[in-house]
Each structure stands twice: as C-alpha cells, then as structure tokens.
file query28.pdb (PDB, N, CA and C atoms)
ATOM      1  N   MET Y   5     133.027 154.433  43.960
ATOM      2  CA  MET Y   5     131.702 154.574  43.408
ATOM      3  C   MET Y   5     131.418 156.047  43.116
ATOM      4  N   GLU Y   6     131.737 156.930  44.056
ATOM      5  CA  GLU Y   6     131.468 158.347  43.844
ATOM      6  C   GLU Y   6     132.415 158.952  42.810
ATOM      7  N   ARG Y   7     133.604 158.413  42.729
ATOM      8  CA  ARG Y   7     134.596 158.943  41.809
ATOM      9  C   ARG Y   7     134.291 158.555  40.362
ATOM     10  N   TYR Y   8     133.734 157.378  40.158
ATOM     11  CA  TYR Y   8     133.422 156.875  38.822
ATOM     12  C   TYR Y   8     131.959 156.409  38.777
ATOM     13  N   PRO Y   9     131.028 157.352  38.872
ATOM     14  CA  PRO Y   9     129.615 156.966  38.991
ATOM     15  C   PRO Y   9     129.073 156.163  37.818
ATOM     16  N   GLN Y  10     129.508 156.449  36.603
ATOM     17  CA  GLN Y  10     129.000 155.690  35.459
ATOM     18  C   GLN Y  10     129.437 154.239  35.521
ATOM     19  N   THR Y  11     130.646 154.013  35.978
ATOM     20  CA  THR Y  11     131.172 152.657  36.079
ATOM     21  C   THR Y  11     130.438 151.861  37.150
ATOM     22  N   TYR Y  12     130.115 152.518  38.260
ATOM     23  CA  TYR Y  12     129.548 151.814  39.405
ATOM     24  C   TYR Y  12     128.066 152.105  39.639
ATOM     25  N   ARG Y  13     127.381 152.568  38.619
ATOM     26  CA  ARG Y  13     125.954 152.904  38.758
ATOM     27  C   ARG Y  13     125.140 151.702  39.234
ATOM     28  N   GLY Y  14     125.388 150.533  38.667
ATOM     29  CA  GLY Y  14     124.661 149.322  39.074
ATOM     30  C   GLY Y  14     124.916 148.981  40.534
ATOM     31  N   LEU Y  15     126.166 149.121  40.953
ATOM     32  CA  LEU Y  15     126.507 148.876  42.352
ATOM     33  C   LEU Y  15     125.798 149.867  43.260
ATOM     34  N   ALA Y  16     125.745 151.127  42.845
ATOM     35  CA  ALA Y  16     125.065 152.153  43.648
ATOM     36  C   ALA Y  16     123.584 151.813  43.804
ATOM     37  N   ARG Y  17     122.957 151.361  42.728
ATOM     38  CA  ARG Y  17     121.538 150.968  42.806
ATOM     39  C   ARG Y  17     121.353 149.800  43.777
ATOM     40  N   THR Y  18     122.233 148.817  43.669
ATOM     41  CA  THR Y  18     122.156 147.652  44.546
ATOM     42  C   THR Y  18     122.326 148.063  46.003
ATOM     43  N   ILE Y  19     123.284 148.928  46.259
ATOM     44  CA  ILE Y  19     123.503 149.402  47.629
ATOM     45  C   ILE Y  19     122.271 150.137  48.132
ATOM     46  N   GLY Y  20     121.689 150.984  47.292
ATOM     47  CA  GLY Y  20     120.482 151.716  47.687
ATOM     48  C   GLY Y  20     119.342 150.783  48.060
ATOM     49  N   ILE Y  21     119.114 149.778  47.238
ATOM     50  CA  ILE Y  21     118.055 148.803  47.517
ATOM     51  C   ILE Y  21     118.368 148.023  48.788
ATOM     52  N   ASP Y  22     119.622 147.610  48.936
ATOM     53  CA  ASP Y  22     120.007 146.867  50.138
ATOM     54  C   ASP Y  22     119.781 147.695  51.399
ATOM     55  N   ILE Y  23     120.097 148.989  51.321
ATOM     56  CA  ILE Y  23     119.876 149.867  52.476
ATOM     57  C   ILE Y  23     118.409 149.822  52.867
ATOM     58  N   PHE Y  24     117.524 150.022  51.883
ATOM     59  CA  PHE Y  24     116.093 150.001  52.171
ATOM     60  C   PHE Y  24     115.639 148.630  52.669
ATOM     61  N   ARG Y  25     116.092 147.578  52.019
ATOM     62  CA  ARG Y  25     115.657 146.223  52.368
ATOM     63  C   ARG Y  25     116.085 145.842  53.784
ATOM     64  N   TYR Y  26     117.342 146.057  54.098
ATOM     65  CA  TYR Y  26     117.831 145.666  55.417
ATOM     66  C   TYR Y  26     117.269 146.548  56.527
ATOM     67  N   CYS Y  27     117.106 147.829  56.238
ATOM     68  CA  CYS Y  27     116.510 148.710  57.247
ATOM     69  C   CYS Y  27     115.047 148.331  57.488
ATOM     70  N   GLU Y  28     114.349 148.016  56.416
ATOM     71  CA  GLU Y  28     112.953 147.585  56.532
ATOM     72  C   GLU Y  28     112.862 146.316  57.380
ATOM     73  N   ALA Y  29     113.735 145.357  57.095
ATOM     74  CA  ALA Y  29     113.735 144.098  57.840
ATOM     75  C   ALA Y  29     114.064 144.313  59.313
ATOM     76  N   ALA Y  30     114.907 145.302  59.588
ATOM     77  CA  ALA Y  30     115.305 145.581  60.975
ATOM     78  C   ALA Y  30     114.368 146.559  61.660
ATOM     79  N   GLY Y  31     113.396 147.109  60.917
ATOM     80  CA  GLY Y  31     112.481 148.075  61.504
ATOM     81  C   GLY Y  31     113.154 149.404  61.820
ATOM     82  N   GLN Y  32     114.203 149.735  61.068
ATOM     83  CA  GLN Y  32     114.975 150.960  61.298
ATOM     84  C   GLN Y  32     114.815 151.906  60.109
ATOM     85  N   GLN Y  33     115.047 153.195  60.368
ATOM     86  CA  GLN Y  33     115.070 154.183  59.297
ATOM     87  C   GLN Y  33     116.431 154.120  58.600
ATOM     88  N   PRO Y  34     116.455 154.224  57.281
ATOM     89  CA  PRO Y  34     117.733 154.226  56.572
ATOM     90  C   PRO Y  34     118.585 155.439  56.939
ATOM     91  N   ASP Y  35     119.881 155.304  56.787
ATOM     92  CA  ASP Y  35     120.846 156.360  57.062
ATOM     93  C   ASP Y  35     120.780 157.389  55.935
ATOM     94  N   ASP Y  36     120.285 158.597  56.239
ATOM     95  CA  ASP Y  36     120.117 159.629  55.216
ATOM     96  C   ASP Y  36     121.439 160.031  54.576
ATOM     97  N   ALA Y  37     122.508 160.086  55.349
ATOM     98  CA  ALA Y  37     123.811 160.465  54.795
ATOM     99  C   ALA Y  37     124.287 159.427  53.778
ATOM    100  N   LEU Y  38     124.089 158.163  54.098
ATOM    101  CA  LEU Y  38     124.485 157.101  53.179
ATOM    102  C   LEU Y  38     123.623 157.134  51.920
ATOM    103  N   LEU Y  39     122.329 157.344  52.086
ATOM    104  CA  LEU Y  39     121.445 157.435  50.928
ATOM    105  C   LEU Y  39     121.803 158.638  50.059
ATOM    106  N   ALA Y  40     122.240 159.728  50.675
ATOM    107  CA  ALA Y  40     122.648 160.912  49.915
ATOM    108  C   ALA Y  40     123.851 160.581  49.042
ATOM    109  N   ARG Y  41     124.784 159.803  49.588
ATOM    110  CA  ARG Y  41     125.954 159.403  48.802
ATOM    111  C   ARG Y  41     125.535 158.513  47.637
ATOM    112  N   VAL Y  42     124.609 157.604  47.885
ATOM    113  CA  VAL Y  42     124.122 156.738  46.808
ATOM    114  C   VAL Y  42     123.419 157.581  45.745
ATOM    115  N   ALA Y  43     122.590 158.525  46.189
ATOM    116  CA  ALA Y  43     121.881 159.389  45.245
ATOM    117  C   ALA Y  43     122.859 160.205  44.405
ATOM    118  N   ARG Y  44     123.912 160.722  45.028
ATOM    119  CA  ARG Y  44     124.944 161.464  44.294
ATOM    120  C   ARG Y  44     125.610 160.561  43.262
ATOM    121  N   ALA Y  45     125.915 159.342  43.653
ATOM    122  CA  ALA Y  45     126.561 158.405  42.735
ATOM    123  C   ALA Y  45     125.659 158.081  41.551
ATOM    124  N   LEU Y  46     124.357 158.104  41.788
ATOM    125  CA  LEU Y  46     123.402 157.833  40.716
ATOM    126  C   LEU Y  46     123.073 159.083  39.909
ATOM    127  N   GLY Y  47     123.604 160.247  40.373
ATOM    128  CA  GLY Y  47     123.379 161.491  39.650
ATOM    129  C   GLY Y  47     122.025 162.114  39.907
ATOM    130  N   HIS Y  48     121.439 161.875  41.058
ATOM    131  CA  HIS Y  48     120.129 162.426  41.388
ATOM    132  C   HIS Y  48     120.273 163.698  42.207
ATOM    133  N   GLY Y  49     120.075 164.856  41.574
ATOM    134  CA  GLY Y  49     119.978 166.112  42.286
ATOM    135  C   GLY Y  49     121.281 166.659  42.831
ATOM    136  N   ASP Y  50     121.234 167.920  43.235
ATOM    137  CA  ASP Y  50     122.394 168.522  43.872
ATOM    138  C   ASP Y  50     122.207 168.483  45.381
ATOM    139  N   ALA Y  51     123.168 169.026  46.119
ATOM    140  CA  ALA Y  51     123.173 168.926  47.583
ATOM    141  C   ALA Y  51     121.919 169.527  48.206
ATOM    142  N   VAL Y  52     121.396 170.603  47.630
ATOM    143  CA  VAL Y  52     120.226 171.272  48.203
ATOM    144  C   VAL Y  52     118.984 170.399  48.080
ATOM    145  N   GLU Y  53     118.874 169.684  46.959
ATOM    146  CA  GLU Y  53     117.677 168.889  46.700
ATOM    147  C   GLU Y  53     117.787 167.457  47.195
ATOM    148  N   GLU Y  54     118.978 167.030  47.576
ATOM    149  CA  GLU Y  54     119.184 165.631  47.929
ATOM    150  C   GLU Y  54     118.302 165.159  49.065
ATOM    151  N   ASP Y  55     118.255 165.911  50.154
ATOM    152  CA  ASP Y  55     117.484 165.462  51.311
ATOM    153  C   ASP Y  55     116.021 165.252  50.972
ATOM    154  N   SER Y  56     115.408 166.211  50.273
ATOM    155  CA  SER Y  56     113.995 166.055  49.945
ATOM    156  C   SER Y  56     113.794 164.936  48.925
ATOM    157  N   ALA Y  57     114.721 164.787  47.984
ATOM    158  CA  ALA Y  57     114.605 163.704  47.006
ATOM    159  C   ALA Y  57     114.747 162.354  47.682
ATOM    160  N   ILE Y  58     115.669 162.263  48.608
ATOM    161  CA  ILE Y  58     115.873 160.999  49.330
ATOM    162  C   ILE Y  58     114.659 160.691  50.192
ATOM    163  N   GLU Y  59     114.139 161.700  50.878
ATOM    164  CA  GLU Y  59     112.957 161.480  51.710
ATOM    165  C   GLU Y  59     111.768 161.042  50.859
ATOM    166  N   ALA Y  60     111.601 161.663  49.704
ATOM    167  CA  ALA Y  60     110.504 161.284  48.819
ATOM    168  C   ALA Y  60     110.690 159.869  48.297
ATOM    169  N   LEU Y  61     111.914 159.534  47.901
ATOM    170  CA  LEU Y  61     112.209 158.190  47.413
ATOM    171  C   LEU Y  61     111.996 157.165  48.517
ATOM    172  N   GLU Y  62     112.472 157.485  49.714
ATOM    173  CA  GLU Y  62     112.297 156.594  50.855
ATOM    174  C   GLU Y  62     110.814 156.375  51.155
ATOM    175  N   ALA Y  63     110.042 157.447  51.135
ATOM    176  CA  ALA Y  63     108.606 157.335  51.399
ATOM    177  C   ALA Y  63     107.915 156.492  50.326
ATOM    178  N   THR Y  64     108.325 156.676  49.082
ATOM    179  CA  THR Y  64     107.741 155.899  47.990
ATOM    180  C   THR Y  64     108.050 154.415  48.147
ATOM    181  N   VAL Y  65     109.317 154.103  48.409
ATOM    182  CA  VAL Y  65     109.708 152.700  48.582
ATOM    183  C   VAL Y  65     109.005 152.101  49.795
ATOM    184  N   ASP Y  66     108.947 152.852  50.900
ATOM    185  CA  ASP Y  66     108.242 152.375  52.088
ATOM    186  C   ASP Y  66     106.779 152.066  51.784
ATOM    187  N   ALA Y  67     106.134 152.965  51.050
ATOM    188  CA  ALA Y  67     104.721 152.771  50.713
ATOM    189  C   ALA Y  67     104.539 151.549  49.812
ATOM    190  N   ILE Y  68     105.447 151.380  48.858
ATOM    191  CA  ILE Y  68     105.375 150.221  47.964
ATOM    192  C   ILE Y  68     105.530 148.936  48.757
ATOM    193  N   LEU Y  69     106.516 148.895  49.650
ATOM    194  CA  LEU Y  69     106.754 147.694  50.450
ATOM    195  C   LEU Y  69     105.620 147.433  51.437
ATOM    196  N   GLU Y  70     105.093 148.487  52.031
ATOM    197  CA  GLU Y  70     103.990 148.330  52.977
ATOM    198  C   GLU Y  70     102.751 147.769  52.277
ATOM    199  N   ALA Y  71     102.446 148.317  51.108
ATOM    200  CA  ALA Y  71     101.303 147.812  50.338
ATOM    201  C   ALA Y  71     101.545 146.371  49.891
ATOM    202  N   ALA Y  72     102.769 146.071  49.499
ATOM    203  CA  ALA Y  72     103.091 144.721  49.044
ATOM    204  C   ALA Y  72     102.957 143.709  50.171
ATOM    205  N   GLU Y  73     103.317 144.102  51.377
ATOM    206  CA  GLU Y  73     103.156 143.206  52.526
ATOM    207  C   GLU Y  73     101.686 142.854  52.731
ATOM    208  N   LYS Y  74     100.811 143.812  52.478
ATOM    209  CA  LYS Y  74      99.369 143.585  52.661
ATOM    210  C   LYS Y  74      98.759 142.786  51.525
ATOM    211  N   THR Y  75      99.196 143.092  50.293
ATOM    212  CA  THR Y  75      98.575 142.468  49.132
ATOM    213  C   THR Y  75      99.322 141.229  48.642
ATOM    214  N   GLY Y  76     100.586 141.109  49.020
ATOM    215  CA  GLY Y  76     101.389 139.988  48.563
ATOM    216  C   GLY Y  76     102.026 140.205  47.204
ATOM    217  N   ALA Y  77     101.893 141.438  46.665
ATOM    218  CA  ALA Y  77     102.476 141.743  45.353
ATOM    219  C   ALA Y  77     102.895 143.205  45.296
ATOM    220  N   LEU Y  78     103.919 143.465  44.509
ATOM    221  CA  LEU Y  78     104.371 144.839  44.310
ATOM    222  C   LEU Y  78     103.427 145.569  43.362
ATOM    223  N   ASP Y  79     103.218 146.845  43.596
ATOM    224  CA  ASP Y  79     102.360 147.688  42.761
ATOM    225  C   ASP Y  79     103.176 148.181  41.568
ATOM    226  N   GLU Y  80     102.890 147.652  40.399
ATOM    227  CA  GLU Y  80     103.661 147.998  39.200
ATOM    228  C   GLU Y  80     103.526 149.466  38.827
ATOM    229  N   ASP Y  81     102.370 150.068  39.069
ATOM    230  CA  ASP Y  81     102.200 151.494  38.769
ATOM    231  C   ASP Y  81     103.102 152.331  39.667
ATOM    232  N   ALA Y  82     103.195 151.962  40.933
ATOM    233  CA  ALA Y  82     104.066 152.678  41.859
ATOM    234  C   ALA Y  82     105.529 152.460  41.506
ATOM    235  N   LEU Y  83     105.883 151.241  41.099
ATOM    236  CA  LEU Y  83     107.265 150.961  40.701
ATOM    237  C   LEU Y  83     107.677 151.802  39.492
ATOM    238  N   ALA Y  84     106.720 152.091  38.618
ATOM    239  CA  ALA Y  84     107.011 152.884  37.422
ATOM    240  C   ALA Y  84     107.418 154.313  37.770
ATOM    241  N   GLU Y  85     107.083 154.765  38.969
ATOM    242  CA  GLU Y  85     107.426 156.119  39.408
ATOM    243  C   GLU Y  85     108.853 156.219  39.942
ATOM    244  N   LEU Y  86     109.513 155.089  40.169
ATOM    245  CA  LEU Y  86     110.861 155.088  40.727
ATOM    246  C   LEU Y  86     111.893 155.405  39.649
ATOM    247  N   PRO Y  87     113.090 155.868  40.062
ATOM    248  CA  PRO Y  87     114.164 156.102  39.086
ATOM    249  C   PRO Y  87     114.486 154.817  38.323
ATOM    250  N   SER Y  88     114.975 154.994  37.094
ATOM    251  CA  SER Y  88     115.268 153.828  36.248
ATOM    252  C   SER Y  88     116.218 152.870  36.953
ATOM    253  N   GLY Y  89     115.926 151.613  36.847
ATOM    254  CA  GLY Y  89     116.762 150.591  37.469
ATOM    255  C   GLY Y  89     116.370 150.258  38.891
ATOM    256  N   LEU Y  90     115.845 151.228  39.610
ATOM    257  CA  LEU Y  90     115.494 150.993  41.007
ATOM    258  C   LEU Y  90     114.316 150.029  41.122
ATOM    259  N   ALA Y  91     113.363 150.136  40.222
ATOM    260  CA  ALA Y  91     112.209 149.234  40.255
ATOM    261  C   ALA Y  91     112.646 147.780  40.064
ATOM    262  N   GLU Y  92     113.577 147.553  39.141
ATOM    263  CA  GLU Y  92     114.059 146.193  38.903
ATOM    264  C   GLU Y  92     114.765 145.643  40.136
ATOM    265  N   GLN Y  93     115.548 146.495  40.769
ATOM    266  CA  GLN Y  93     116.245 146.078  41.988
ATOM    267  C   GLN Y  93     115.251 145.774  43.106
ATOM    268  N   LEU Y  94     114.205 146.585  43.209
ATOM    269  CA  LEU Y  94     113.200 146.353  44.240
ATOM    270  C   LEU Y  94     112.442 145.057  43.967
ATOM    271  N   ARG Y  95     112.133 144.796  42.709
ATOM    272  CA  ARG Y  95     111.477 143.520  42.356
ATOM    273  C   ARG Y  95     112.348 142.336  42.760
ATOM    274  N   ALA Y  96     113.639 142.428  42.438
ATOM    275  CA  ALA Y  96     114.563 141.336  42.761
ATOM    276  C   ALA Y  96     114.673 141.153  44.270
ATOM    277  N   ALA Y  97     114.768 142.247  45.003
ATOM    278  CA  ALA Y  97     114.871 142.168  46.461
ATOM    279  C   ALA Y  97     113.586 141.586  47.055
ATOM    280  N   TRP Y  98     112.445 141.994  46.522
ATOM    281  CA  TRP Y  98     111.153 141.486  47.001
ATOM    282  C   TRP Y  98     111.054 139.986  46.746
ATOM    283  N   ALA Y  99     111.424 139.564  45.549
ATOM    284  CA  ALA Y  99     111.368 138.138  45.215
ATOM    285  C   ALA Y  99     112.311 137.335  46.106
ATOM    286  N   ALA Y 100     113.511 137.856  46.321
ATOM    287  CA  ALA Y 100     114.479 137.156  47.173
ATOM    288  C   ALA Y 100     113.989 137.079  48.610
ATOM    289  N   ALA Y 101     113.408 138.161  49.101
ATOM    290  CA  ALA Y 101     112.905 138.177  50.476
ATOM    291  C   ALA Y 101     111.751 137.195  50.637
ATOM    292  N   ARG Y 102     110.865 137.137  49.648
ATOM    293  CA  ARG Y 102     109.716 136.222  49.721
ATOM    294  C   ARG Y 102     110.163 134.770  49.623
ATOM    295  N   SER Y 103     111.101 134.481  48.754
ATOM    296  CA  SER Y 103     111.547 133.089  48.624
ATOM    297  C   SER Y 103     112.355 132.671  49.844
ATOM    298  N   GLY Y 104     113.097 133.603  50.429
ATOM    299  CA  GLY Y 104     113.890 133.298  51.610
ATOM    300  C   GLY Y 104     113.071 133.143  52.872
ATOM    301  N   SER Y 105     111.891 133.798  52.897
ATOM    302  CA  SER Y 105     111.062 133.738  54.105
ATOM    303  C   SER Y 105     110.028 132.635  54.030
ATOM    304  N   GLY Y 106     109.947 131.971  52.871
ATOM    305  CA  GLY Y 106     108.997 130.876  52.732
ATOM    306  C   GLY Y 106     107.557 131.351  52.605
ATOM    307  N   THR Y 107     107.359 132.627  52.189
ATOM    308  CA  THR Y 107     106.000 133.159  52.089
ATOM    309  C   THR Y 107     105.394 132.955  50.728
ATOM    310  N   GLU Y 108     106.126 132.371  49.804
ATOM    311  CA  GLU Y 108     105.542 132.098  48.502
ATOM    312  C   GLU Y 108     104.533 130.956  48.624
ATOM    313  N   SER Y 109     103.509 131.029  47.833
ATOM    314  CA  SER Y 109     102.494 129.985  47.828
ATOM    315  C   SER Y 109     103.015 128.790  47.037
ATOM    316  N   HIS Y 110     102.946 127.612  47.601
ATOM    317  CA  HIS Y 110     103.438 126.396  46.940
ATOM    318  C   HIS Y 110     102.328 125.387  46.669
ATOM    319  N   GLY Y 111     101.107 125.867  46.632
ATOM    320  CA  GLY Y 111      99.997 124.945  46.342
ATOM    321  C   GLY Y 111      99.801 123.927  47.441
ATOM    322  N   GLY Y 112      98.617 123.324  47.458
ATOM    323  CA  GLY Y 112      98.519 122.509  48.531
ATOM    324  C   GLY Y 112      97.875 121.369  48.875
TER     325      GLY Y 112
END

call {"tool": "encode", "arguments": {"input": "query28.pdb", "output": "structure tokens"}}
result
Amino acid sequence: MERYPQTYRGLARTIGIDIFRYCEAAGQQPDDALLARVARALGHGDAVEEDSAIEALEATVDAILEAAEKTGALDEDALAELPSGLAEQLRAAWAAARSGSGTESHGG
C-alpha cells in the first residue's frame, strides 16, 4: 500500500475508516502510528504535519460519530470537511453499523 499509493488508495481509505469504526466500537483510541501510515498512503502531509493532521481528522470523525449517535444521522456539512472519499467510507460504515445493530427504524 505504501509502495504503490495510487493503486491502493481505496484500500487505504477503507483501512482508515475501519480503524476509526472498530476503535469507536471498542471504546479505544486509534493507533496513531497506523493512522500515520494510512495518511502517508493517501498522500496527506509530510512527517512533521502528520500527527496534527491525524489528530484533527480523528477529532473530526469522532465528533461526527458522536453527533450521529445522538441525532441518528450523519452531519452532511461535517462530512464535506473530510478528505475526498473518506466521507463516502464513513457513510458506508455508519449504514453498515446501523443495519448490523438493528437500530434502523422499521415502522411499527
């Protein structure tokens, strides 16, 4: 993935989302070193800026997920602030998590 970032960009995005999703589900903080590798593969920033970019991205995703848990929906304006492709992955992960947990409304 790191050697051929253009080829594996989609995989890197998926891994990044999975890291956030699984860590969120486990109540754990994501591994910053792993996120740095994903960010490098996606071409986000150099080594000096990676930590702050990752922390900002992590905080943004956390805030989006926290708000979504309260409201039952993702904030589209907040998703628009994410790097390209990441918002789509987060939407897919959110939909999968909701359908898997049985929290979708099925009328009644």

call {"tool": "resolve_selection", "arguments": {"input": "query28.pdb", "expression": "the PyMOL selection byres (((chain Y and resi 82-88 and name CA) around 10) and name CA)", "output": "list in words"}}
result
Arg17, Leu46, His48, Leu61, Thr64, Val65, Ala67, Ile68, Leu78, Asp79, Glu80, Asp81, Gly89, Leu90, Ala91, Glu92, Gln93, Leu94 and Arg95 of chain Y

call {"tool": "atom_distance", "arguments": {"input": "query28.pdb", "atom1": "atom CA of Arg25 of chain Y", "atom2": "atom CA of Ala101 of chain Y"}}
result
8.7 Å

call {"tool": "residues_around", "arguments": {"input": "query28.pdb", "residues": "segment 31-34 of chain Y", "least_positions_apart": "6", "cutoff": "10 Å", "atoms": "only C-alpha atoms", "output": "PyMOL selection string"}}
result
chain Y and resi 20+23-25+59+62

call {"tool": "write_last_selection", "arguments": {"input": "query28.pdb", "atoms": "N, CA and C atoms", "output": "PDB file, in the coordinates of the input"}}
result
ATOM      1  N   GLY Y  20     121.689 150.984  47.292  1.00  0.00           N
ATOM      2  CA  GLY Y  20     120.482 151.716  47.687  1.00  0.00           C
ATOM      3  C   GLY Y  20     119.342 150.783  48.060  1.00  0.00           C
ATOM      4  N   ILE Y  23     120.097 148.989  51.321  1.00  0.00           N
ATOM      5  CA  ILE Y  23     119.876 149.867  52.476  1.00  0.00           C
ATOM      6  C   ILE Y  23     118.409 149.822  52.867  1.00  0.00           C
ATOM      7  N   PHE Y  24     117.524 150.022  51.883  1.00  0.00           N
ATOM      8  CA  PHE Y  24     116.093 150.001  52.171  1.00  0.00           C
ATOM      9  C   PHE Y  24     115.639 148.630  52.669  1.00  0.00           C
ATOM     10  N   ARG Y  25     116.092 147.578  52.019  1.00  0.00           N
ATOM     11  CA  ARG Y  25     115.657 146.223  52.368  1.00  0.00           C
ATOM     12  C   ARG Y  25     116.085 145.842  53.784  1.00  0.00           C
ATOM     13  N   GLU Y  59     114.139 161.700  50.878  1.00  0.00           N
ATOM     14  CA  GLU Y  59     112.957 161.480  51.710  1.00  0.00           C
ATOM     15  C   GLU Y  59     111.768 161.042  50.859  1.00  0.00           C
ATOM     16  N   GLU Y  62     112.472 157.485  49.714  1.00  0.00           N
ATOM     17  CA  GLU Y  62     112.297 156.594  50.855  1.00  0.00           C
ATOM     18  C   GLU Y  62     110.814 156.375  51.155  1.00  0.00           C
TER      19      GLU Y  62
END

call {"tool": "atom_distance", "arguments": {"input": "query28.pdb", "atom1": "atom C of Ile58 of chain Y", "atom2": "atom C of Arg41 of chain Y"}}
result
11.4 Å

call {"tool": "axis_aligned_box", "arguments": {"input": "query28.pdb", "around": "segment 10-29 of chain Y", "padding_each_side": "8 Å", "output": "lines of an AutoDock Vina configuration file"}}
result
center_x = 122.0
center_y = 150.3
center_z = 47.4
size_x = 34.3
size_y = 28.4
size_z = 39.9

call {"tool": "closest_residue", "arguments": {"input": "query28.pdb", "among": "Y:Ala72, Y:Ile21, Y:Ala30, Y:Leu39", "to": "Ala97 of chain Y", "atoms": "all atoms listed in the file"}}
result
Y:Ile21
